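To be precise, the following lines are work22.cif, and they hold mmCIF, C-alpha atoms.
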```cif
data_start
#
loop_
_atom_site.label_atom_id
_atom_site.label_comp_id
_atom_site.auth_asym_id
_atom_site.auth_seq_id
_atom_site.Cartn_x
_atom_site.Cartn_y
_atom_site.Cartn_z
CA MET G 11 56.94 4.52 -36.28
CA THR G 12 59.38 1.68 -36.95
CA ILE G 13 58.57 -1.88 -35.99
CA THR G 14 61.43 -4.34 -35.87
CA GLN G 15 61.35 -8.09 -35.52
CA ASN G 16 63.92 -10.81 -35.24
CA CYS G 17 63.73 -12.18 -38.78
CA SER G 18 65.85 -15.22 -37.97
CA VAL G 19 63.30 -16.36 -35.38
CA ILE G 20 60.44 -15.96 -37.86
CA ALA G 21 62.30 -17.76 -40.62
CA HIS G 22 62.94 -20.79 -38.42
CA ARG G 23 59.54 -20.93 -36.75
CA PRO G 24 58.25 -24.52 -36.99
CA GLN G 25 55.17 -25.26 -39.08
CA VAL G 26 51.96 -25.26 -37.07
CA PHE G 27 49.52 -28.10 -37.74
CA ALA G 28 45.90 -28.40 -36.74
CA ALA G 29 45.06 -31.06 -34.15
CA VAL G 30 43.61 -33.40 -36.77
CA GLU G 31 46.78 -33.05 -38.86
CA ARG G 32 48.96 -33.82 -35.85
CA ASP G 33 46.89 -36.95 -35.27
CA ALA G 34 47.42 -37.95 -38.89
CA ILE G 35 51.19 -37.41 -38.57
CA THR G 36 51.20 -39.63 -35.49
CA ALA G 37 49.14 -42.31 -37.24
CA SER G 38 51.56 -42.42 -40.18
CA ASN G 39 54.80 -42.26 -38.17
CA GLY G 40 55.70 -38.74 -39.21
CA VAL G 41 54.17 -38.14 -42.65
CA ALA G 42 52.13 -34.94 -43.07
CA PRO G 43 48.70 -35.54 -44.69
CA VAL G 44 47.10 -33.67 -47.58
CA LEU G 45 43.66 -34.54 -46.22
CA ALA G 46 42.81 -35.07 -42.55
CA LEU G 47 39.21 -35.59 -41.42
CA ASP G 48 38.30 -36.22 -37.78
CA PHE G 49 34.59 -37.08 -37.65
CA THR G 50 34.54 -37.27 -33.86
CA THR G 51 35.57 -33.62 -33.33
CA ARG G 52 34.40 -32.50 -36.80
CA ASP G 53 37.85 -31.12 -37.53
CA TRP G 54 38.45 -31.25 -41.29
CA ARG G 55 41.51 -30.12 -43.30
CA VAL G 56 42.34 -30.42 -46.99
CA ALA G 57 45.77 -29.28 -48.22
CA GLY G 58 46.31 -27.44 -44.93
CA ARG G 59 43.04 -25.49 -45.05
CA ASP G 60 39.87 -25.78 -43.00
CA VAL G 61 36.93 -27.13 -45.00
CA SER G 62 33.28 -27.78 -44.24
CA ALA G 63 31.41 -31.02 -45.06
CA PRO G 64 34.19 -32.49 -47.24
CA LEU G 65 32.32 -35.75 -47.84
CA LEU G 66 29.22 -35.70 -50.02
CA GLY G 67 26.31 -37.66 -48.56
CA ALA G 68 27.93 -38.01 -45.14
CA ARG G 69 25.80 -38.71 -42.07
CA LEU G 70 27.60 -37.38 -39.01
CA ASP G 71 25.73 -38.42 -35.92
CA GLN G 72 25.80 -39.71 -32.39
CA SER G 73 23.59 -42.72 -31.93
CA LEU G 74 21.65 -42.29 -28.74
CA PHE G 75 19.91 -45.54 -29.57
CA LEU G 76 23.01 -47.67 -30.01
CA GLY G 77 25.03 -45.74 -27.45
CA ALA G 78 27.85 -45.05 -29.89
CA ALA G 79 30.14 -42.04 -29.91
CA LYS G 80 29.98 -39.34 -32.56
CA GLY G 81 31.41 -40.26 -35.91
CA LEU G 82 30.72 -40.89 -39.57
CA VAL G 83 27.75 -43.27 -39.68
CA LEU G 84 27.89 -46.11 -42.18
CA GLU G 85 24.91 -48.42 -42.33
CA PRO G 86 23.39 -50.74 -44.94
CA GLU G 87 19.99 -50.23 -46.49
CA ARG G 88 17.31 -51.22 -44.00
CA THR G 89 13.51 -50.98 -43.65
CA ASN G 90 11.64 -50.61 -40.37
CA LEU G 91 8.50 -52.74 -40.68
CA VAL G 92 6.89 -51.30 -37.52
CA TYR G 93 4.70 -48.22 -37.86
CA PRO G 94 4.37 -45.89 -36.21
CA SER G 95 7.80 -46.57 -34.74
CA ALA G 96 7.15 -44.37 -31.69
CA VAL G 97 5.08 -46.30 -29.16
CA ALA G 98 1.99 -44.19 -28.43
CA SER G 99 -1.74 -44.40 -27.85
CA SER G 100 -2.29 -43.07 -31.37
CA GLY G 101 -1.48 -45.70 -34.00
CA TRP G 102 -0.98 -48.59 -31.57
CA GLY G 103 -3.67 -51.05 -30.52
CA THR G 104 -4.08 -52.82 -27.17
CA ASN G 105 -5.34 -56.17 -25.90
CA GLY G 106 -5.84 -57.93 -22.57
CA SER G 107 -7.58 -54.82 -21.13
CA THR G 108 -4.21 -53.04 -21.40
CA THR G 109 -4.31 -49.23 -21.48
CA THR G 110 -1.80 -46.67 -22.74
CA GLN G 111 -1.04 -43.05 -21.96
CA PRO G 112 1.83 -40.60 -22.61
CA ALA G 113 4.84 -40.89 -20.30
CA SER G 114 4.74 -37.29 -19.15
CA GLY G 115 8.12 -35.72 -18.39
CA MET G 116 10.14 -38.77 -19.45
CA ALA G 117 11.10 -37.90 -23.03
CA PHE G 118 14.11 -39.58 -24.61
CA ALA G 119 15.87 -38.46 -27.80
CA GLY G 120 12.76 -36.67 -29.03
CA LEU G 121 10.37 -39.50 -28.14
CA ASP G 122 7.69 -38.89 -25.53
CA GLY G 123 7.35 -42.48 -24.40
CA CYS G 124 4.21 -44.40 -23.57
CA VAL G 125 3.09 -45.89 -20.24
CA ILE G 126 1.54 -49.31 -20.86
CA THR G 127 -0.62 -50.49 -17.96
CA SER G 128 -1.64 -54.09 -17.25
CA GLY G 129 -5.30 -54.99 -17.24
CA GLY G 130 -4.67 -58.08 -15.13
CA VAL G 131 -3.21 -60.60 -17.62
CA SER G 132 0.52 -61.14 -18.23
CA TRP G 133 0.12 -61.27 -22.04
CA GLY G 134 -1.67 -57.91 -22.28
CA ARG G 135 0.24 -55.47 -24.46
CA ALA G 136 0.19 -52.55 -26.87
CA PHE G 137 0.85 -53.60 -30.47
CA SER G 138 1.83 -52.11 -33.82
CA ASN G 139 0.34 -52.36 -37.30
CA MET G 140 0.75 -55.61 -39.23
CA PHE G 141 3.77 -56.59 -41.31
CA THR G 142 5.13 -59.66 -43.09
CA LEU G 143 7.90 -62.05 -42.02
CA THR G 144 9.31 -64.08 -44.92
CA ALA G 145 10.15 -67.74 -44.35
CA GLY G 146 13.84 -68.30 -43.58
CA ALA G 147 14.76 -64.61 -43.64
CA ASP G 148 16.57 -63.02 -40.70
CA TYR G 149 15.05 -60.00 -38.97
CA THR G 150 16.35 -57.95 -36.06
CA VAL G 151 13.89 -56.66 -33.47
CA SER G 152 14.84 -53.60 -31.41
CA THR G 153 12.86 -51.78 -28.77
CA TRP G 154 13.66 -49.04 -26.27
CA ILE G 155 12.00 -49.44 -22.89
CA ALA G 156 12.26 -48.29 -19.29
CA ALA G 157 11.10 -50.02 -16.12
CA GLY G 158 7.67 -49.05 -14.89
CA THR G 159 6.08 -50.24 -11.65
CA SER G 160 6.21 -53.89 -12.71
CA GLY G 161 9.95 -53.83 -13.37
CA ARG G 162 9.16 -56.30 -16.14
CA ALA G 163 8.44 -56.39 -19.87
CA ARG G 164 6.96 -58.75 -22.44
CA LEU G 165 8.01 -58.36 -26.08
CA GLU G 166 6.07 -60.42 -28.59
CA LEU G 167 5.84 -60.99 -32.33
CA TYR G 168 2.43 -62.51 -32.93
CA GLY G 169 0.45 -63.62 -35.97
CA ALA G 170 -1.38 -66.60 -37.45
CA GLY G 171 1.35 -69.24 -37.43
CA VAL G 172 3.97 -67.43 -35.38
CA ASP G 173 4.35 -66.49 -31.70
CA LEU G 174 7.76 -65.41 -30.44
CA ILE G 175 8.09 -64.08 -26.89
CA VAL G 176 10.89 -62.41 -24.89
CA GLU G 177 9.95 -61.50 -21.32
CA GLY G 178 11.03 -61.21 -17.70
CA THR G 179 12.72 -58.67 -15.48
CA ILE G 180 14.02 -55.70 -17.47
CA GLY G 181 17.76 -56.13 -17.88
CA ALA G 182 17.42 -59.91 -17.58
CA LEU G 183 14.89 -60.71 -20.30
CA ALA G 184 14.89 -64.16 -21.87
CA ALA G 185 13.24 -65.95 -24.78
CA THR G 186 10.38 -67.86 -23.16
CA TYR G 187 8.28 -69.11 -26.09
CA GLN G 188 9.10 -69.86 -29.73
CA SER G 189 6.38 -71.09 -32.04
CA GLY G 190 6.62 -70.84 -35.82
CA GLY G 191 10.15 -69.47 -35.66
CA THR G 192 13.27 -68.96 -33.58
CA ILE G 193 14.74 -66.23 -31.37
CA SER G 194 18.52 -65.72 -31.15
CA ASN G 195 21.23 -63.19 -30.31
CA LEU G 196 19.27 -61.48 -27.53
CA SER G 197 21.08 -58.41 -26.18
CA GLN G 198 20.14 -55.83 -23.56
CA GLU G 199 22.04 -52.57 -23.19
CA GLN G 200 21.35 -49.75 -20.77
CA ILE G 201 21.49 -46.35 -22.46
CA GLY G 202 20.84 -43.15 -20.56
CA GLY G 203 18.42 -44.57 -18.02
CA LEU G 204 16.54 -46.92 -20.32
CA TRP G 205 17.20 -50.18 -22.11
CA ARG G 206 17.71 -51.05 -25.74
CA VAL G 207 16.68 -54.65 -26.25
CA SER G 208 17.40 -56.38 -29.55
CA PHE G 209 17.15 -59.93 -30.82
CA GLN G 210 17.08 -61.81 -34.08
CA VAL G 211 14.05 -63.76 -35.30
CA THR G 212 13.62 -66.19 -38.17
CA ALA G 213 10.14 -67.41 -39.15
CA THR G 214 9.59 -71.00 -40.30
CA SER G 215 6.95 -70.00 -42.86
CA THR G 216 5.91 -66.71 -44.43
CA VAL G 217 3.41 -64.88 -42.20
CA SER G 218 1.73 -61.73 -43.48
CA ASN G 219 -0.21 -60.54 -40.43
CA VAL G 220 2.46 -60.18 -37.73
CA THR G 221 2.38 -57.47 -35.05
CA PHE G 222 5.02 -56.40 -32.56
CA GLY G 223 3.79 -55.89 -29.01
CA VAL G 224 5.17 -54.69 -25.69
CA GLY G 225 3.54 -55.01 -22.29
CA PRO G 226 4.33 -55.00 -18.55
CA SER G 227 4.24 -58.83 -18.24
CA SER G 228 2.19 -58.61 -15.03
CA ILE G 229 -1.03 -60.26 -13.84
CA THR G 230 -1.53 -57.39 -11.41
CA ALA G 231 -3.84 -54.74 -12.81
CA GLY G 232 -2.25 -51.29 -12.75
CA GLN G 233 1.37 -52.47 -13.12
CA THR G 234 3.25 -50.64 -15.88
CA VAL G 235 6.14 -50.62 -18.33
CA ILE G 236 7.36 -47.60 -20.35
CA ALA G 237 8.07 -48.03 -24.06
CA TYR G 238 9.55 -45.50 -26.48
CA ALA G 239 10.09 -47.03 -29.89
CA ALA G 240 10.17 -50.28 -31.82
CA GLN G 241 11.93 -51.51 -34.93
CA VAL G 242 11.75 -54.76 -36.91
CA GLU G 243 14.27 -54.66 -39.75
CA ASN G 244 15.58 -57.10 -42.30
CA GLY G 245 19.11 -58.27 -41.48
CA GLN G 246 21.11 -59.88 -38.70
CA ASN G 247 22.40 -56.81 -36.86
CA ALA G 248 20.59 -53.91 -35.22
CA THR G 249 21.08 -50.52 -36.85
CA ASP G 250 20.18 -47.00 -35.77
CA TYR G 251 16.56 -46.11 -35.22
CA ILE G 252 14.49 -45.69 -38.40
CA GLN G 253 11.52 -43.43 -37.75
CA THR G 254 8.16 -44.36 -39.26
CA THR G 255 4.73 -42.72 -39.05
CA THR G 256 1.90 -44.07 -41.21
CA ALA G 257 3.86 -46.67 -43.22
CA GLN G 258 7.03 -48.72 -43.27
CA HIS G 259 10.12 -46.72 -44.14
CA MET G 260 13.38 -47.64 -45.89
CA ARG G 261 16.62 -45.88 -44.98
CA PRO G 262 19.09 -46.02 -47.91
CA ALA G 263 22.63 -47.27 -47.44
CA ASP G 264 25.18 -44.70 -46.32
CA THR G 265 27.71 -44.19 -49.13
CA PRO G 266 29.59 -40.91 -48.52
CA HIS G 267 32.19 -39.98 -51.12
CA LEU G 268 34.84 -37.40 -51.90
CA PRO G 269 35.95 -36.10 -55.32
CA LEU G 270 39.73 -36.40 -55.50
CA GLY G 271 41.38 -33.06 -56.26
CA MET G 272 44.69 -31.88 -57.65
CA TRP G 273 46.30 -32.78 -54.33
CA PHE G 274 45.67 -36.50 -54.83
CA ALA G 275 48.70 -38.51 -55.94
CA PRO G 276 47.62 -41.68 -57.82
CA ASP G 277 51.21 -42.79 -58.56
CA LYS G 278 52.30 -42.81 -54.92
CA GLY G 279 50.30 -42.18 -51.80
CA GLY G 280 48.61 -43.53 -48.73
CA CYS G 281 45.33 -43.68 -46.87
CA ILE G 282 44.48 -44.45 -43.24
CA LEU G 283 40.95 -45.19 -42.06
CA GLU G 284 40.23 -45.24 -38.33
CA LEU G 285 37.18 -47.38 -37.57
CA ALA G 286 35.46 -46.84 -34.23
CA THR G 287 33.51 -50.04 -34.78
CA LEU G 288 32.65 -52.54 -37.51
CA HIS G 289 29.69 -54.91 -37.24
CA GLY G 290 29.67 -58.53 -38.28
CA GLU G 291 28.44 -58.76 -41.85
CA HIS G 292 29.81 -58.39 -45.36
CA SER G 293 31.01 -54.82 -45.79
CA ASP G 294 32.41 -52.68 -48.57
CA ILE G 295 34.59 -50.46 -46.41
CA LEU G 296 36.42 -48.18 -48.84
CA ALA G 297 36.75 -47.83 -52.61
CA PHE G 298 38.50 -45.70 -55.22
CA LYS G 299 36.38 -45.28 -58.37
CA ASP G 300 37.04 -43.77 -61.79
CA GLY G 301 34.99 -41.02 -63.43
CA SER G 302 32.33 -43.48 -64.65
CA GLY G 303 31.89 -45.07 -61.22
CA THR G 304 33.86 -48.23 -61.96
CA VAL G 305 35.79 -49.56 -58.97
CA VAL G 306 39.56 -49.24 -59.28
CA ALA G 307 40.42 -50.42 -55.77
CA GLN G 308 38.03 -51.97 -53.22
CA LEU G 309 38.68 -52.72 -49.56
CA SER G 310 36.05 -55.07 -48.17
CA CYS G 311 35.39 -57.47 -45.33
CA ASP G 312 33.36 -60.68 -45.28
CA GLY G 313 31.11 -62.00 -42.53
CA SER G 314 33.97 -63.90 -40.88
CA GLY G 315 36.18 -60.81 -40.60
CA SER G 316 38.52 -61.54 -43.52
CA LEU G 317 39.75 -58.45 -45.35
CA SER G 318 40.18 -58.28 -49.12
CA LEU G 319 41.82 -55.73 -51.39
CA ASN G 320 40.12 -56.29 -54.74
CA THR G 321 40.44 -60.08 -55.17
CA SER G 322 43.44 -60.44 -52.84
CA THR G 323 42.64 -61.71 -49.31
CA HIS G 324 44.62 -60.24 -46.41
CA PRO G 325 46.04 -62.82 -43.95
CA ALA G 326 44.76 -60.95 -40.86
CA THR G 327 41.12 -60.68 -39.75
CA VAL G 328 39.21 -57.91 -38.01
CA SER G 329 37.46 -58.26 -34.66
CA TYR G 330 33.89 -57.06 -34.84
CA ASN G 331 32.54 -54.36 -32.52
CA ALA G 332 36.08 -53.12 -31.84
CA PRO G 333 38.20 -50.20 -33.13
CA HIS G 334 40.64 -50.80 -35.99
CA GLN G 335 43.13 -48.91 -38.14
CA LEU G 336 43.21 -49.82 -41.82
CA ALA G 337 46.22 -48.44 -43.71
CA LEU G 338 46.82 -48.44 -47.47
CA SER G 339 49.99 -47.45 -49.31
CA TRP G 340 50.56 -47.47 -53.07
CA GLN G 341 53.33 -46.84 -55.59
CA ALA G 342 54.52 -48.29 -58.89
CA GLY G 343 51.23 -50.10 -59.49
CA THR G 344 51.30 -51.96 -56.16
CA MET G 345 48.99 -51.33 -53.18
CA SER G 346 49.71 -52.58 -49.65
CA LEU G 347 47.20 -53.13 -46.85
CA ALA G 348 48.02 -53.28 -43.15
CA LEU G 349 45.63 -53.90 -40.23
CA ASP G 350 46.41 -52.26 -36.88
CA GLY G 351 50.10 -51.84 -37.71
CA GLY G 352 50.59 -55.51 -38.59
CA MET G 353 52.42 -57.07 -41.51
CA PRO G 354 51.26 -55.54 -44.83
CA SER G 355 49.92 -57.56 -47.73
CA ASP G 356 50.51 -56.45 -51.34
CA THR G 357 48.43 -56.65 -54.51
CA THR G 358 48.67 -55.17 -58.01
CA ILE G 359 46.49 -52.05 -58.29
CA ASP G 360 46.85 -48.97 -60.51
CA LEU G 361 45.12 -45.81 -59.21
CA SER G 362 45.85 -43.65 -62.26
CA ASP G 363 42.11 -43.51 -63.15
CA ALA G 364 40.88 -42.84 -59.60
CA ALA G 365 38.47 -39.89 -59.46
CA THR G 366 36.50 -40.33 -56.24
CA LEU G 367 36.99 -41.94 -52.84
CA HIS G 368 33.95 -43.78 -51.46
CA ILE G 369 33.38 -45.04 -47.91
CA GLY G 370 30.84 -47.78 -47.23
CA SER G 371 28.34 -49.21 -47.47
CA ALA G 372 29.71 -50.97 -44.42
CA HIS G 373 27.89 -51.28 -41.10
CA ALA G 374 30.36 -49.22 -39.09
CA ARG G 375 31.35 -45.90 -37.55
CA VAL G 376 34.40 -44.06 -38.83
CA SER G 377 36.32 -41.78 -36.47
CA ALA G 378 38.99 -40.45 -38.87
CA LEU G 379 40.24 -40.54 -42.48
CA TYR G 380 43.67 -39.43 -43.68
CA LEU G 381 45.13 -39.21 -47.22
CA TYR G 382 48.80 -38.70 -48.14
CA ASP G 383 50.66 -37.71 -51.31
CA ARG G 384 53.47 -40.17 -50.66
CA ALA G 385 53.73 -43.86 -49.92
CA LEU G 386 53.56 -44.84 -46.26
CA SER G 387 55.93 -47.15 -44.45
CA LEU G 388 53.53 -49.88 -43.27
#
```

Just give me the structure of the file as structure tokens.
Amino acid sequence: MTITQNCSVIAHRPQVFAAVERDAITASNGVAPVLALDFTTRDWRVAGRDVSAPLLGARLDQSLFLGAAKGLVLEPERTNLVYPSAVASSGWGTNGSTTTQPASGMAFAGLDGCVITSGGVSWGRAFSNMFTLTAGADYTVSTWIAAGTSGRARLELYGAGVDLIVEGTIGALAATYQSGGTISNLSQEQIGGLWRVSFQVTATSTVSNVTFGVGPSSITAGQTVIAYAAQVENGQNATDYIQTTTAQHMRPADTPHLPLGMWFAPDKGGCILELATLHGEHSDILAFKDGSGTVVAQLSCDGSGSLSLNTSTHPATVSYNAPHQLALSWQAGTMSLALDGGMPSDTTIDLSDAATLHIGSAHARVSALYLYDRALSL
């Protein structure tokens, strides 16, 4: 049997790119990438081939607690002081004749939830084990709650020398009492039928016997609120939920990295990083390091949003909690940085010793990363 084909058609068939590669070509105005990683769809290509888990130490997740889309999670080192983090009858105490019981049939993200019932006083609550607040240090409090029969909640950090209270109608909570410290940056976000409430606290003096409590904020016995989890962490911005059981727990900083292969071009090339969001604090966003771990090129951002490439400050600034495109291009010992397609800024950088590409430890979510073996037109 003879099979014939039109060889001229085959010879002139256009190259077929994967979706993530087509996105990279669009992002770079027509340049094909050697590495294209889409963390939202988990579509990863290196040198035109599908790969699995190309970044070492990557945490690919969807934050049900922060309501963020899927992506590469980048978060700083944080410790949850509350334990156990899941609000429950076991491990949590009560006062004010408050009672607790499981919230049957109302599970959220693997947490059963706990119904907290008023015993007839508005300050009655369930409370965690004790922890320490250091004088002058910033802490972020986060809790995940749903409206019970009271429609209200009372959140309180209490200890000898400190009493900080947020309470009211769920969705419209307010700081109502501040003794021995301050409450700031209160936010309330509805996520999947419940609320994530977070706020920053700063204690005036060091207090070693603080508890976190949550209650229905009702003087009517039998009124309820539903609580799922609680987190008190060092730092000014809320991060993803850190689970604890019988002790405080530290989550290490996210620092995924990629060994650079034969396809990497240190003498001329480009890199595009698509950020889904970046939170407001000093961040090391991206770095090229040599074989010994020494930084060759570092892209970072300070707390005011100013970008720096090594010691050179970029004239543009990022907007926090918003998507951004960061583009790098290098050749002949010079690296250029552009933000969201704006005017590039140049600095002297030689990537000849670059061995690995590191992302983080920013507080951000990355949607895509592209690398090129030629300089980009920024």

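Applied to this file, the PyMOL selection byres ((chain G and resi 361-366) around 7) selects the residues G:His267, G:Leu268, G:Pro269, G:Leu270, G:Pro276, G:Asp277, G:Phe298, G:Lys299, G:Asp300, G:Gly301, G:Val306, G:Ile359, G:Asp360, G:Leu367, G:His368.
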
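A straight line drawn from atom CA of Ile295 of chain G to atom CA of Thr36 of chain G is 22.6 Å long.
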
Query - Matched chain/residue IDs from the PyMOL selection byres ((chain G and resi 337) around 7), as a list in words - result: Cys281, Ile282, Leu283, Gln335, Leu336, Leu338, Ser339, Leu347, Ala348 and Leu349 of chain G

Query raised in the report: In Å, with one decimal, what is the gap from atom CA of Asn219 of chain G to atom CA of Thr109 of chain G?
Result: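 Interatomic distance here is 22.4 Å.
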
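Considering all atoms listed in the file, the residue among G:Ser215, G:Asn105, G:Ser371, G:Gln253 positioned nearest to Ala119 of chain G is G:Gln253.
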
Requested in this report: Name the residues captured by the PyMOL selection byres ((chain G and resi 188-194) around 6) when it is applied to the shown file; answer as a PyMOL selection string.
Outcome: chain G and resi 171-174+187+195-196+209-214

Report task. Enter the distance from atom CA of Ser138 of chain G to atom CA of Gly101 of chain G, in Å, rounded to one decimal. Result -> 7.2 Å

Query - Contacts of Ser316 of chain G within 12 Å, only C-alpha atoms, excl. fewer than 6 positions in-chain, as a PyMOL selection string - result: chain G and resi 290-294+309-310+322-330+349
